[in-house]
Amino acid sequence: QAASLGKGWVVQVGTFKNPDGANRLAAKLKSLGFVVYIEPLQLSTGPMSRVRIGPELLREDALAQQLRLQEITDFNGAVLRFP
């Protein structure tokens, strides 16, 4: 629902220079039941890939996803505005 509205919240799990690392993490998180996407990003140092959970319409829902992430993985994640 947040994606269709074009606003909301995500949990950013990691940023990778190597797309293979991003793809591996995304696959692991999907296998754990998270809704995950990879966002390509162009920085002055070159292309990067952000791994994000969501988006969620409500910040509270994104915070709940972040807590679940912390409970079942080694990742903390950061709740950020979407897009």
# chains A, B, ... in the order shown; residues from 1 in each chain; ligands from 1
>>> residues_around(residues="segment 28-33 of chain A", least_positions_apart="4", cutoff="10 Å", atoms="only C-alpha atoms", output="NGL selection string")
:A and (13 or 22-24 or 37 or 51-53 or 69 or 72-73)
>>> write_last_selection(atoms="N, CA, C and O atoms", output="PDB file, in the first residue's frame")
ATOM      1  N   VAL A  13      18.673  -2.131   5.422  1.00  0.00           N
ATOM      2  CA  VAL A  13      19.447  -3.166   6.091  1.00  0.00           C
ATOM      3  C   VAL A  13      20.932  -3.045   5.767  1.00  0.00           C
ATOM      4  O   VAL A  13      21.783  -3.261   6.617  1.00  0.00           O
ATOM      5  N   ALA A  22      24.399  -7.859  -2.122  1.00  0.00           N
ATOM      6  CA  ALA A  22      23.032  -7.354  -1.940  1.00  0.00           C
ATOM      7  C   ALA A  22      22.019  -8.431  -2.287  1.00  0.00           C
ATOM      8  O   ALA A  22      21.028  -8.618  -1.567  1.00  0.00           O
ATOM      9  N   ASN A  23      22.255  -9.145  -3.372  1.00  0.00           N
ATOM     10  CA  ASN A  23      21.323 -10.200  -3.788  1.00  0.00           C
ATOM     11  C   ASN A  23      21.278 -11.334  -2.772  1.00  0.00           C
ATOM     12  O   ASN A  23      20.203 -11.878  -2.483  1.00  0.00           O
ATOM     13  N   ARG A  24      22.430 -11.697  -2.216  1.00  0.00           N
ATOM     14  CA  ARG A  24      22.463 -12.769  -1.197  1.00  0.00           C
ATOM     15  C   ARG A  24      21.684 -12.357   0.048  1.00  0.00           C
ATOM     16  O   ARG A  24      20.910 -13.143   0.592  1.00  0.00           O
ATOM     17  N   TYR A  37      13.383  -5.303  -1.151  1.00  0.00           N
ATOM     18  CA  TYR A  37      13.747  -4.860  -2.498  1.00  0.00           C
ATOM     19  C   TYR A  37      15.153  -4.276  -2.466  1.00  0.00           C
ATOM     20  O   TYR A  37      15.672  -3.916  -1.409  1.00  0.00           O
ATOM     21  N   VAL A  51      19.803  -2.559   0.265  1.00  0.00           N
ATOM     22  CA  VAL A  51      18.839  -3.608   0.576  1.00  0.00           C
ATOM     23  C   VAL A  51      17.874  -3.037   1.608  1.00  0.00           C
ATOM     24  O   VAL A  51      18.291  -2.581   2.681  1.00  0.00           O
ATOM     25  N   ARG A  52      16.587  -3.048   1.244  1.00  0.00           N
ATOM     26  CA  ARG A  52      15.567  -2.444   2.105  1.00  0.00           C
ATOM     27  C   ARG A  52      14.387  -3.375   2.314  1.00  0.00           C
ATOM     28  O   ARG A  52      14.026  -4.135   1.422  1.00  0.00           O
ATOM     29  N   ILE A  53      13.786  -3.275   3.497  1.00  0.00           N
ATOM     30  CA  ILE A  53      12.562  -4.005   3.836  1.00  0.00           C
ATOM     31  C   ILE A  53      11.414  -3.007   3.775  1.00  0.00           C
ATOM     32  O   ILE A  53      11.511  -1.901   4.281  1.00  0.00           O
ATOM     33  N   LEU A  69      13.680  -7.824  12.549  1.00  0.00           N
ATOM     34  CA  LEU A  69      14.976  -8.014  11.901  1.00  0.00           C
ATOM     35  C   LEU A  69      16.068  -8.214  12.946  1.00  0.00           C
ATOM     36  O   LEU A  69      16.884  -9.138  12.848  1.00  0.00           O
ATOM     37  N   ILE A  72      15.932 -11.728  14.768  1.00  0.00           N
ATOM     38  CA  ILE A  72      16.219 -12.992  14.075  1.00  0.00           C
ATOM     39  C   ILE A  72      17.446 -12.947  13.174  1.00  0.00           C
ATOM     40  O   ILE A  72      17.784 -13.953  12.556  1.00  0.00           O
ATOM     41  N   THR A  73      18.137 -11.783  13.110  1.00  0.00           N
ATOM     42  CA  THR A  73      19.365 -11.689  12.314  1.00  0.00           C
ATOM     43  C   THR A  73      20.410 -10.910  13.111  1.00  0.00           C
ATOM     44  O   THR A  73      20.158 -10.472  14.224  1.00  0.00           O
TER      45      THR A  73
END
>>> residues_around(residues="Gly54 of chain A", least_positions_apart="3", cutoff="12 Å", atoms="only C-alpha atoms", output="number ranges by chain")
A: 1-3, 7-13, 26, 29-30, 33-39, 51, 57-59, 61-66, 69, 77-83
>>> write_last_selection(atoms="C-alpha atoms", output="short mmCIF file (atom, residue, chain, number, x, y, z; two decimals), in the first residue's frame")
data_model
loop_
_atom_site.label_atom_id
_atom_site.label_comp_id
_atom_site.auth_asym_id
_atom_site.auth_seq_id
_atom_site.Cartn_x
_atom_site.Cartn_y
_atom_site.Cartn_z
CA GLN A 1 0.00 0.00 0.00
CA ALA A 2 2.82 2.44 0.80
CA ALA A 3 4.48 1.74 -2.56
CA LYS A 7 5.31 7.45 0.51
CA GLY A 8 5.90 5.65 3.75
CA TRP A 9 8.78 4.05 5.63
CA VAL A 10 11.44 1.40 4.98
CA VAL A 11 14.07 -0.42 6.98
CA GLN A 12 17.44 -0.06 5.30
CA VAL A 13 19.45 -3.17 6.09
CA ALA A 26 17.89 -9.95 -0.07
CA LEU A 29 15.71 -11.87 4.21
CA LYS A 30 13.00 -13.03 1.78
CA GLY A 33 9.51 -13.76 5.39
CA PHE A 34 10.47 -10.12 4.87
CA VAL A 35 9.26 -8.07 1.90
CA VAL A 36 12.57 -6.92 0.43
CA TYR A 37 13.75 -4.86 -2.50
CA ILE A 38 17.10 -3.68 -3.80
CA GLU A 39 17.48 -0.03 -4.71
CA VAL A 51 18.84 -3.61 0.58
CA LEU A 57 2.71 3.05 5.26
CA LEU A 58 3.09 3.66 9.00
CA ARG A 59 6.39 4.34 10.76
CA ASP A 61 4.98 -0.85 11.16
CA ALA A 62 8.49 -0.18 9.87
CA LEU A 63 9.76 -0.05 13.46
CA ALA A 64 8.10 -3.42 14.10
CA GLN A 65 9.89 -4.84 11.03
CA GLN A 66 13.18 -3.40 12.32
CA LEU A 69 14.98 -8.01 11.90
CA GLY A 77 18.65 -1.77 10.16
CA ALA A 78 17.65 1.88 10.04
CA VAL A 79 14.09 3.18 9.64
CA LEU A 80 14.00 5.77 6.87
CA ARG A 81 11.43 7.72 4.86
CA PHE A 82 10.26 6.14 1.59
CA PRO A 83 10.94 6.88 -1.19
#
>>> atom_distance(atom1="atom CA of Thr15 of chain A", atom2="atom CA of Arg50 of chain A")
4.3 Å
>>> select_by_dssp(residues="segment 4-41 of chain A", states="strand (DSSP E or B)", output="VMD selection string")
chain A and resid 8 to 16 36 to 41
>>> write_last_selection(atoms="N, CA, C and O atoms", output="mmCIF file, in the first residue's frame")
data_model
loop_
_atom_site.group_PDB
_atom_site.id
_atom_site.type_symbol
_atom_site.label_atom_id
_atom_site.label_comp_id
_atom_site.auth_asym_id
_atom_site.auth_seq_id
_atom_site.Cartn_x
_atom_site.Cartn_y
_atom_site.Cartn_z
ATOM 1 N N GLY A 8 5.959 6.571 2.634
ATOM 2 C CA GLY A 8 5.896 5.649 3.747
ATOM 3 C C GLY A 8 7.255 5.528 4.401
ATOM 4 O O GLY A 8 8.012 6.498 4.463
ATOM 5 N N TRP A 9 7.568 4.310 4.870
ATOM 6 C CA TRP A 9 8.780 4.046 5.633
ATOM 7 C C TRP A 9 9.396 2.719 5.209
ATOM 8 O O TRP A 9 8.672 1.788 4.848
ATOM 9 N N VAL A 10 10.714 2.637 5.269
ATOM 10 C CA VAL A 10 11.437 1.402 4.984
ATOM 11 C C VAL A 10 12.459 1.153 6.087
ATOM 12 O O VAL A 10 12.804 2.053 6.844
ATOM 13 N N VAL A 11 12.937 -0.087 6.132
ATOM 14 C CA VAL A 11 14.073 -0.424 6.980
ATOM 15 C C VAL A 11 15.244 -0.686 6.046
ATOM 16 O O VAL A 11 15.199 -1.628 5.249
ATOM 17 N N GLN A 12 16.249 0.169 6.109
ATOM 18 C CA GLN A 12 17.441 -0.061 5.301
ATOM 19 C C GLN A 12 18.345 -1.003 6.066
ATOM 20 O O GLN A 12 18.731 -0.725 7.201
ATOM 21 N N VAL A 13 18.673 -2.131 5.422
ATOM 22 C CA VAL A 13 19.447 -3.166 6.091
ATOM 23 C C VAL A 13 20.932 -3.045 5.767
ATOM 24 O O VAL A 13 21.783 -3.261 6.617
ATOM 25 N N GLY A 14 21.237 -2.684 4.522
ATOM 26 C CA GLY A 14 22.643 -2.574 4.150
ATOM 27 C C GLY A 14 22.816 -1.926 2.794
ATOM 28 O O GLY A 14 21.885 -1.867 1.995
ATOM 29 N N THR A 15 24.033 -1.444 2.537
ATOM 30 C CA THR A 15 24.411 -0.882 1.248
ATOM 31 C C THR A 15 25.663 -1.607 0.787
ATOM 32 O O THR A 15 26.619 -1.736 1.547
ATOM 33 N N PHE A 16 25.632 -2.077 -0.449
ATOM 34 C CA PHE A 16 26.701 -2.921 -0.966
ATOM 35 C C PHE A 16 27.281 -2.356 -2.248
ATOM 36 O O PHE A 16 26.550 -1.889 -3.109
ATOM 37 N N VAL A 36 11.273 -7.547 0.644
ATOM 38 C CA VAL A 36 12.575 -6.916 0.425
ATOM 39 C C VAL A 36 12.681 -6.408 -1.000
ATOM 40 O O VAL A 36 12.155 -7.025 -1.928
ATOM 41 N N TYR A 37 13.383 -5.303 -1.151
ATOM 42 C CA TYR A 37 13.747 -4.860 -2.498
ATOM 43 C C TYR A 37 15.153 -4.276 -2.466
ATOM 44 O O TYR A 37 15.672 -3.916 -1.409
ATOM 45 N N ILE A 38 15.757 -4.248 -3.640
ATOM 46 C CA ILE A 38 17.098 -3.683 -3.800
ATOM 47 C C ILE A 38 16.968 -2.398 -4.592
ATOM 48 O O ILE A 38 16.359 -2.381 -5.663
ATOM 49 N N GLU A 39 17.529 -1.327 -4.042
ATOM 50 C CA GLU A 39 17.484 -0.028 -4.705
ATOM 51 C C GLU A 39 18.877 0.310 -5.237
ATOM 52 O O GLU A 39 19.819 0.446 -4.456
ATOM 53 N N PRO A 40 19.023 0.442 -6.564
ATOM 54 C CA PRO A 40 20.320 0.856 -7.095
ATOM 55 C C PRO A 40 20.587 2.327 -6.767
ATOM 56 O O PRO A 40 19.666 3.133 -6.704
ATOM 57 N N LEU A 41 21.838 2.637 -6.556
ATOM 58 C CA LEU A 41 22.226 3.981 -6.143
ATOM 59 C C LEU A 41 23.534 4.329 -6.827
ATOM 60 O O LEU A 41 24.452 3.508 -6.864
#
>>> atom_distance(atom1="atom CA of Ser44 of chain A", atom2="atom CA of Leu25 of chain A")
23.8 Å
>>> decode(residues="segment 12-35 of chain A", atoms="N, CA, C and O atoms", output="tab-separated table (two decimals), in the first residue's frame")
chain	number	residue	atom	x	y	z
A	12	GLN	N	16.25	0.17	6.11
A	12	GLN	CA	17.44	-0.06	5.30
A	12	GLN	C	18.34	-1.00	6.07
A	12	GLN	O	18.73	-0.73	7.20
A	13	VAL	N	18.67	-2.13	5.42
A	13	VAL	CA	19.45	-3.17	6.09
A	13	VAL	C	20.93	-3.05	5.77
A	13	VAL	O	21.78	-3.26	6.62
A	14	GLY	N	21.24	-2.68	4.52
A	14	GLY	CA	22.64	-2.57	4.15
A	14	GLY	C	22.82	-1.93	2.79
A	14	GLY	O	21.88	-1.87	1.99
A	15	THR	N	24.03	-1.44	2.54
A	15	THR	CA	24.41	-0.88	1.25
A	15	THR	C	25.66	-1.61	0.79
A	15	THR	O	26.62	-1.74	1.55
A	16	PHE	N	25.63	-2.08	-0.45
A	16	PHE	CA	26.70	-2.92	-0.97
A	16	PHE	C	27.28	-2.36	-2.25
A	16	PHE	O	26.55	-1.89	-3.11
A	17	LYS	N	28.60	-2.45	-2.38
A	17	LYS	CA	29.26	-2.11	-3.63
A	17	LYS	C	29.10	-3.27	-4.61
A	17	LYS	O	28.90	-3.07	-5.79
A	18	ASN	N	29.17	-4.48	-4.07
A	18	ASN	CA	29.04	-5.69	-4.89
A	18	ASN	C	27.57	-6.11	-4.94
A	18	ASN	O	27.00	-6.46	-3.91
A	19	PRO	N	26.96	-6.11	-6.13
A	19	PRO	CA	25.54	-6.49	-6.21
A	19	PRO	C	25.28	-7.93	-5.75
A	19	PRO	O	24.18	-8.23	-5.29
A	20	ASP	N	26.28	-8.80	-5.84
A	20	ASP	CA	26.08	-10.18	-5.39
A	20	ASP	C	25.81	-10.23	-3.89
A	20	ASP	O	24.98	-11.00	-3.43
A	21	GLY	N	26.50	-9.39	-3.12
A	21	GLY	CA	26.26	-9.33	-1.69
A	21	GLY	C	24.84	-8.86	-1.38
A	21	GLY	O	24.17	-9.40	-0.50
A	22	ALA	N	24.40	-7.86	-2.12
A	22	ALA	CA	23.03	-7.35	-1.94
A	22	ALA	C	22.02	-8.43	-2.29
A	22	ALA	O	21.03	-8.62	-1.57
A	23	ASN	N	22.26	-9.15	-3.37
A	23	ASN	CA	21.32	-10.20	-3.79
A	23	ASN	C	21.28	-11.33	-2.77
A	23	ASN	O	20.20	-11.88	-2.48
A	24	ARG	N	22.43	-11.70	-2.22
A	24	ARG	CA	22.46	-12.77	-1.20
A	24	ARG	C	21.68	-12.36	0.05
A	24	ARG	O	20.91	-13.14	0.59
A	25	LEU	N	21.91	-11.11	0.50
A	25	LEU	CA	21.20	-10.65	1.69
A	25	LEU	C	19.70	-10.57	1.42
A	25	LEU	O	18.89	-11.01	2.25
A	26	ALA	N	19.31	-10.05	0.27
A	26	ALA	CA	17.89	-9.95	-0.07
A	26	ALA	C	17.25	-11.34	-0.08
A	26	ALA	O	16.15	-11.53	0.45
A	27	ALA	N	17.93	-12.31	-0.66
A	27	ALA	CA	17.39	-13.68	-0.71
A	27	ALA	C	17.24	-14.26	0.70
A	27	ALA	O	16.24	-14.90	1.01
A	28	LYS	N	18.22	-14.00	1.57
A	28	LYS	CA	18.15	-14.50	2.95
A	28	LYS	C	16.96	-13.87	3.68
A	28	LYS	O	16.19	-14.56	4.34
A	29	LEU	N	16.81	-12.56	3.53
A	29	LEU	CA	15.71	-11.87	4.21
A	29	LEU	C	14.35	-12.32	3.68
A	29	LEU	O	13.40	-12.50	4.45
A	30	LYS	N	14.26	-12.52	2.37
A	30	LYS	CA	13.00	-13.03	1.78
A	30	LYS	C	12.68	-14.40	2.34
A	30	LYS	O	11.52	-14.70	2.63
A	31	SER	N	13.71	-15.25	2.50
A	31	SER	CA	13.47	-16.60	3.04
A	31	SER	C	12.98	-16.55	4.48
A	31	SER	O	12.35	-17.50	4.95
A	32	LEU	N	13.26	-15.44	5.18
A	32	LEU	CA	12.80	-15.26	6.55
A	32	LEU	C	11.43	-14.59	6.62
A	32	LEU	O	10.91	-14.31	7.69
A	33	GLY	N	10.86	-14.29	5.44
A	33	GLY	CA	9.51	-13.76	5.39
A	33	GLY	C	9.39	-12.25	5.24
A	33	GLY	O	8.29	-11.71	5.29
A	34	PHE	N	10.51	-11.57	5.05
A	34	PHE	CA	10.47	-10.12	4.87
A	34	PHE	C	10.14	-9.77	3.42
A	34	PHE	O	10.50	-10.49	2.50
A	35	VAL	N	9.46	-8.64	3.23
A	35	VAL	CA	9.26	-8.07	1.90
A	35	VAL	C	10.46	-7.18	1.64
A	35	VAL	O	10.67	-6.19	2.35
